[in-house]
Every structure is written in C-alpha cells, then in structure tokens.
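Here the structure comes first, spelled out in structure tokens, and everything after it is commentary.
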Amino acid sequence: MIEKIAKYFPDLTDRQREQFELMMTLYPDWNEKINVISRKDIGNLEENHLLHSLAIAKFIRFTPDSSVLDFGTGGGLPGLPLSVMFPEVHFHLIDRIGKKLKVAADIAEKLGLENVTFQHGDSGECHDKFDFVVSRAVMPQPELVRLSRRNISGIQKNALPNGIIALKGGDLGEELKNLKSSEVVEVSNYFDEEFFKTKKIVYTPL
C-alpha cells in the first residue's frame with residue numbers, strides 16, 4: 001500500500017509502515033469532509049504529498065531531540081510524514097485555518113504520534129525557538145525568512161546549520177535572487193518519478 005515510500009525508505013520499522021498505511025486511509029476519509037488536498041489529486045496521495053514531504057528526510061536526518069516548526073502546515077504536510085520518520089524529534093505544526101489543523105490533529109492522534117503539537121493561529125503568535133522551520137509551498141522564501149527568522153534557535157544540534165527548509169516547485173531564480181546563502185536541491189536527486197522533476201528543496205541557513 002505504501003510501495004513508493006517503502007522503496008525509498010527500506011529501513012522503516014513495522015510501526016512506521018503501519019502509520020504510513022493508516023495515513024493513506026485517513027487522509028482520503030477526511031478529504032471527503034474537509035478539502036485539505038485537491039480532490040482531483042487525492043488519488044496521488046502517496047507520491048505527490050507523503051513522499052514529497054519526505055524529500056526533507058532525504059536532505060537531512062534530524063538528530064534526536066531536535067525541534068522543527070512546520071509553518072503553514074494545512075492538513076499536516078510535511079509535518080506529519082516527517083514526525084513518523086523521526087519519532088525522536090519534536091514537531092510543532094501551526095496554521096491559521098482551524099479546520100485544516102483539526103484534520104492534522106485527528107490524524108496525529110489516530111497514528112499515536114506523541115512527538116507532535118499543534119497551534120491554531122498566525123506565525124507571529126508562536127514565540128518558541130526551533131532548530132529548523134519546514135514549509136511546503138506556503139509563501140516566497142524571502143517572506144518565509146522574514147516571518148520565521150525569530151523562531152530559529154542559536155544552538156546547533158544537527159549536521160547542517162539551523163535554518164529554513166522549504167519544498168517548492170518551478171523557476172525560483174527571481175524569488176531567490178536576494179537570498180544568496182540559499183541552497184537549491186532537486187528532489188529528482190532522491191526520487192525517480194516524473195512528478196518530482198520540477199520539485200525543489202530550498203535551504204536557507206540562518
């Protein structure tokens with residue numbers, strides 16, 4: 001049921017497999033009631049949404065006890081797949097749309113995730129510090145940097161300096177022209193499927 005995730009992450013534990021498989025049933029069920037994923041795209045849930053979120057897990061292996069803020073999580077992406085992949089890392093998911101956050105919270109509860117917390121509101125209402133901020137197609141990188149810079153901790157625990165890791169698509173030249181420190185990685189470096197040929201990870205150390 002999770003053939004593609006298992007293909008690229010062959011070392012999943014039995015519990016992680018069960019959690020991803022349950023995710024594959026919970027998202028479509030919820031999507032019937034609250035549209036958190038495009039109805040025409042829900043059939044591509046594993047590849048276009050769960051596996052896409054897990055590209056971050058190919059880019060960086062978060063060290064245990066790290067903390068990650070999922071900025072504008074919507075229905076829990078990329079935060080929930082990453083929280084399954086890194087059970088010893090704390091993920092804080094924030095979004096302004098309460099009904100989408102309700103979906104993410106319910107899925108996390110049904111998956112038995114104990115490393116996830118939720119906050120309904122604007123990013124300005126989150127005053128905690130994190131090792132990394134992650135995001136999936138929420139806003140241009142300069143704006144994301146401006147809004148979340150103050151949430152980045154000054155204490156480094158990981159192999160990469162603390163900062164922002166965003167999943168994006170398309171031509172990013174104009175968006176990143178004033179962010180010279182940003183690194184762009186092609187998701188197709190990790191995954192073979194056609195969908196990922198235009199997808200990128202943008203990492204901005206702060």
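Residue numbering restarts at 1 for every chain of the structure tokens, chains are lettered A, B, ... in their displayed order, and ligands are numbered from 1 as they appear.
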Counting only C-alpha atoms, which residues in stretch 65-146 of chain A sit no more than 7 Å from stretch 48-61 of chain A? For each one, give the nearest pair of atoms and the distance in Å, sorted by chain then residue number, as JSON lines.
```
{"residue": "A:Leu77", "atom": "CA", "partner": "A:Ser53", "partner_atom": "CA", "distance": 6.4}
{"residue": "A:Pro78", "atom": "CA", "partner": "A:Ser53", "partner_atom": "CA", "distance": 4.5}
{"residue": "A:Pro81", "atom": "CA", "partner": "A:Leu50", "partner_atom": "CA", "distance": 6.2}
{"residue": "A:Leu82", "atom": "CA", "partner": "A:Leu54", "partner_atom": "CA", "distance": 6.2}
```
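Omitting A:Asp128 and its sequence neighbours fewer than 2 positions away, and counting only C-alpha atoms, the residues within 10 Å are A:Ser67, A:Leu69, A:His92, A:Glu125, A:Cys126, A:Phe130, A:Arg150, A:Asn151, A:Ile152, A:Ser153.
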Dump as an mmCIF file, in the first residue's frame, selection limited to N, CA and C atoms:
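That gives us out.cif:
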```cif
data_model
loop_
_atom_site.group_PDB
_atom_site.id
_atom_site.type_symbol
_atom_site.label_atom_id
_atom_site.label_comp_id
_atom_site.auth_asym_id
_atom_site.auth_seq_id
_atom_site.Cartn_x
_atom_site.Cartn_y
_atom_site.Cartn_z
ATOM 1 N N SER A 67 14.073 20.102 17.312
ATOM 2 C CA SER A 67 12.702 20.609 17.248
ATOM 3 C C SER A 67 12.496 21.300 15.906
ATOM 4 N N LEU A 69 9.586 23.413 13.408
ATOM 5 C CA LEU A 69 8.313 24.119 13.235
ATOM 6 C C LEU A 69 7.833 23.926 11.805
ATOM 7 N N HIS A 92 6.224 20.933 15.764
ATOM 8 C CA HIS A 92 5.157 21.862 16.151
ATOM 9 C C HIS A 92 4.506 22.375 14.872
ATOM 10 N N GLU A 125 2.235 34.507 16.503
ATOM 11 C CA GLU A 125 1.790 34.083 17.830
ATOM 12 C C GLU A 125 2.641 32.941 18.385
ATOM 13 N N CYS A 126 3.573 32.468 17.584
ATOM 14 C CA CYS A 126 4.468 31.393 18.037
ATOM 15 C C CYS A 126 5.794 32.021 18.458
ATOM 16 N N PHE A 130 13.195 26.950 17.464
ATOM 17 C CA PHE A 130 13.303 25.639 16.829
ATOM 18 C C PHE A 130 14.637 25.539 16.096
ATOM 19 N N ARG A 150 12.936 34.729 13.631
ATOM 20 C CA ARG A 150 13.000 34.851 15.095
ATOM 21 C C ARG A 150 12.679 33.538 15.807
ATOM 22 N N ASN A 151 12.155 32.558 15.059
ATOM 23 C CA ASN A 151 11.858 31.253 15.656
ATOM 24 C C ASN A 151 13.024 30.271 15.566
ATOM 25 N N ILE A 152 14.121 30.699 14.947
ATOM 26 C CA ILE A 152 15.269 29.803 14.780
ATOM 27 C C ILE A 152 16.205 29.918 15.981
ATOM 28 N N SER A 153 16.497 28.777 16.582
ATOM 29 C CA SER A 153 17.387 28.718 17.736
ATOM 30 C C SER A 153 18.835 29.004 17.330
#
```
- Task: Please provide as a list in words all residues within 9 Å of A:Lys100, with the sequence filter that same-chain residues fewer than 2 positions apart are discarded (counting only C-alpha atoms).
- Result: Ile34, Asn35, Val36, Thr73, Gly74, Gly75, Gly76, Asp95, Arg96, Ile97, Gly98, Lys102, Val103, Ala104 and Ala105 of chain A
Distance table requested - stretch 100-137 of chain A against stretch 154-170 of chain A, cut-off 9 Å, only C-alpha atoms: one row per qualifying residue with the closest atom pair and its distance in Å to one decimal, ordered by chain and rising residue number, as a Markdown table.
```
| residue | atom | partner | partner_atom | distance |
| --- | --- | --- | --- | --- |
| A:Lys129 | CA | A:Gly154 | CA | 8.5 |
| A:Phe130 | CA | A:Asn162 | CA | 8.3 |
| A:Asp131 | CA | A:Asn162 | CA | 5.1 |
| A:Phe132 | CA | A:Gly163 | CA | 5.1 |
| A:Val133 | CA | A:Ile164 | CA | 4.7 |
| A:Val134 | CA | A:Ile165 | CA | 4.8 |
| A:Ser135 | CA | A:Ala166 | CA | 4.7 |
| A:Arg136 | CA | A:Leu167 | CA | 4.7 |
| A:Ala137 | CA | A:Lys168 | CA | 5.3 |
```
- Message: as an NGL selection string, please: every residue in stretch 23-165 of chain A that DSSP puts in helix (DSSP H, G or I).
- Response: :A and (23-31 or 42-53 or 55-59 or 79-85 or 98-111 or 123-125 or 141-151)
- Message: So that I can see what lies close to stretch 180-192 of chain A, please list as a PyMOL selection string the residues with an atom at most 7 Å from it, counting only C-alpha atoms and leaving out residues fewer than 6 positions away in the same chain.
- Response: chain A and resi 55+58+199-205
Store the residues picked out above, limited to all heavy atoms, as a PDB file, in the first residue's frame.
```
ATOM      1  N   ALA A  55      10.866  14.146   1.137  1.00  0.00           N
ATOM      2  CA  ALA A  55      12.105  14.586   0.490  1.00  0.00           C
ATOM      3  C   ALA A  55      13.000  15.282   1.506  1.00  0.00           C
ATOM      4  O   ALA A  55      14.236  15.196   1.430  1.00  0.00           O
ATOM      5  CB  ALA A  55      11.788  15.521  -0.680  1.00  0.00           C
ATOM      6  N   LYS A  58      15.319  13.000   3.145  1.00  0.00           N
ATOM      7  CA  LYS A  58      16.485  12.636   2.329  1.00  0.00           C
ATOM      8  C   LYS A  58      17.546  13.731   2.398  1.00  0.00           C
ATOM      9  O   LYS A  58      18.742  13.464   2.316  1.00  0.00           O
ATOM     10  CB  LYS A  58      16.069  12.416   0.874  1.00  0.00           C
ATOM     11  CG  LYS A  58      15.265  11.158   0.625  1.00  0.00           C
ATOM     12  CD  LYS A  58      16.114   9.908   0.816  1.00  0.00           C
ATOM     13  CE  LYS A  58      15.407   8.656   0.340  1.00  0.00           C
ATOM     14  NZ  LYS A  58      16.212   7.437   0.591  1.00  0.00           N
ATOM     15  N   LYS A 199      10.365  19.677  -8.859  1.00  0.00           N
ATOM     16  CA  LYS A 199      10.285  19.979  -7.423  1.00  0.00           C
ATOM     17  C   LYS A 199      11.678  20.222  -6.843  1.00  0.00           C
ATOM     18  O   LYS A 199      12.647  19.565  -7.224  1.00  0.00           O
ATOM     19  CB  LYS A 199       9.602  18.829  -6.676  1.00  0.00           C
ATOM     20  CG  LYS A 199       8.220  18.462  -7.217  1.00  0.00           C
ATOM     21  CD  LYS A 199       7.271  19.633  -7.176  1.00  0.00           C
ATOM     22  CE  LYS A 199       5.920  19.280  -7.756  1.00  0.00           C
ATOM     23  NZ  LYS A 199       5.045  20.440  -7.927  1.00  0.00           N
ATOM     24  N   LYS A 200      11.722  21.141  -5.884  1.00  0.00           N
ATOM     25  CA  LYS A 200      12.998  21.534  -5.303  1.00  0.00           C
ATOM     26  C   LYS A 200      12.889  21.678  -3.782  1.00  0.00           C
ATOM     27  O   LYS A 200      11.809  21.979  -3.264  1.00  0.00           O
ATOM     28  CB  LYS A 200      13.483  22.855  -5.904  1.00  0.00           C
ATOM     29  CG  LYS A 200      13.722  22.771  -7.416  1.00  0.00           C
ATOM     30  CD  LYS A 200      13.991  24.147  -8.011  1.00  0.00           C
ATOM     31  CE  LYS A 200      14.324  24.059  -9.496  1.00  0.00           C
ATOM     32  NZ  LYS A 200      13.180  23.606 -10.302  1.00  0.00           N
ATOM     33  N   ILE A 201      14.010  21.501  -3.143  1.00  0.00           N
ATOM     34  CA  ILE A 201      14.156  21.866  -1.738  1.00  0.00           C
ATOM     35  C   ILE A 201      15.006  23.124  -1.694  1.00  0.00           C
ATOM     36  O   ILE A 201      16.054  23.205  -2.343  1.00  0.00           O
ATOM     37  CB  ILE A 201      14.868  20.745  -0.939  1.00  0.00           C
ATOM     38  CG1 ILE A 201      13.957  19.528  -0.805  1.00  0.00           C
ATOM     39  CG2 ILE A 201      15.302  21.243   0.445  1.00  0.00           C
ATOM     40  CD1 ILE A 201      14.647  18.315  -0.211  1.00  0.00           C
ATOM     41  N   VAL A 202      14.528  24.127  -0.967  1.00  0.00           N
ATOM     42  CA  VAL A 202      15.304  25.350  -0.773  1.00  0.00           C
ATOM     43  C   VAL A 202      15.690  25.426   0.708  1.00  0.00           C
ATOM     44  O   VAL A 202      14.820  25.460   1.580  1.00  0.00           O
ATOM     45  CB  VAL A 202      14.524  26.604  -1.189  1.00  0.00           C
ATOM     46  CG1 VAL A 202      15.369  27.856  -0.954  1.00  0.00           C
ATOM     47  CG2 VAL A 202      14.114  26.523  -2.648  1.00  0.00           C
ATOM     48  N   TYR A 203      16.994  25.428   0.953  1.00  0.00           N
ATOM     49  CA  TYR A 203      17.508  25.503   2.325  1.00  0.00           C
ATOM     50  C   TYR A 203      18.188  26.844   2.516  1.00  0.00           C
ATOM     51  O   TYR A 203      19.117  27.205   1.789  1.00  0.00           O
ATOM     52  CB  TYR A 203      18.486  24.352   2.555  1.00  0.00           C
ATOM     53  CG  TYR A 203      19.392  24.510   3.748  1.00  0.00           C
ATOM     54  CD1 TYR A 203      18.882  24.713   5.031  1.00  0.00           C
ATOM     55  CD2 TYR A 203      20.783  24.441   3.596  1.00  0.00           C
ATOM     56  CE1 TYR A 203      19.723  24.852   6.122  1.00  0.00           C
ATOM     57  CE2 TYR A 203      21.627  24.575   4.678  1.00  0.00           C
ATOM     58  CZ  TYR A 203      21.102  24.787   5.940  1.00  0.00           C
ATOM     59  OH  TYR A 203      21.932  24.939   7.006  1.00  0.00           O
ATOM     60  N   THR A 204      17.725  27.590   3.507  1.00  0.00           N
ATOM     61  CA  THR A 204      18.309  28.888   3.836  1.00  0.00           C
ATOM     62  C   THR A 204      18.836  28.829   5.270  1.00  0.00           C
ATOM     63  O   THR A 204      18.036  28.816   6.218  1.00  0.00           O
ATOM     64  CB  THR A 204      17.281  30.026   3.706  1.00  0.00           C
ATOM     65  OG1 THR A 204      16.708  30.009   2.398  1.00  0.00           O
ATOM     66  CG2 THR A 204      17.940  31.374   3.960  1.00  0.00           C
ATOM     67  N   PRO A 205      20.150  28.723   5.460  1.00  0.00           N
ATOM     68  CA  PRO A 205      20.695  28.737   6.822  1.00  0.00           C
ATOM     69  C   PRO A 205      20.534  30.120   7.446  1.00  0.00           C
ATOM     70  O   PRO A 205      20.655  31.137   6.773  1.00  0.00           O
ATOM     71  CB  PRO A 205      22.170  28.376   6.625  1.00  0.00           C
ATOM     72  CG  PRO A 205      22.473  28.742   5.203  1.00  0.00           C
ATOM     73  CD  PRO A 205      21.199  28.610   4.434  1.00  0.00           C
TER      74      PRO A 205
END
```
- DSSP strand (DSSP E or B) residues within stretch 49-177 of chain A, listed as a ChimeraX atom specification: /A:67-71,90-95,116-120,130,132-136,152,163-169
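Put simply, atom CA of A:Arg146 is 11.0 Å away from atom CA of A:Ser123.
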- Exercise: A:Arg15 partners within 12 Å, only C-alpha atoms, chain neighbours under 4 positions left out, as a PyMOL selection string: chain A and resi 11+19-22+84-85+87+111-113
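The spacing separating atom CA of A:Phe118 from atom CA of A:Leu101 amounts to 7.5 Å.
For the set A:Trp30, A:Met24, A:Ala108, A:Thr63, the residue with the smallest atom-to-atom gap to A:Gly43 is A:Met24, counting only C-alpha atoms.
Relative to atom CA of A:Ile2, atom CA of A:Pro28 is found at 14.5 Å.
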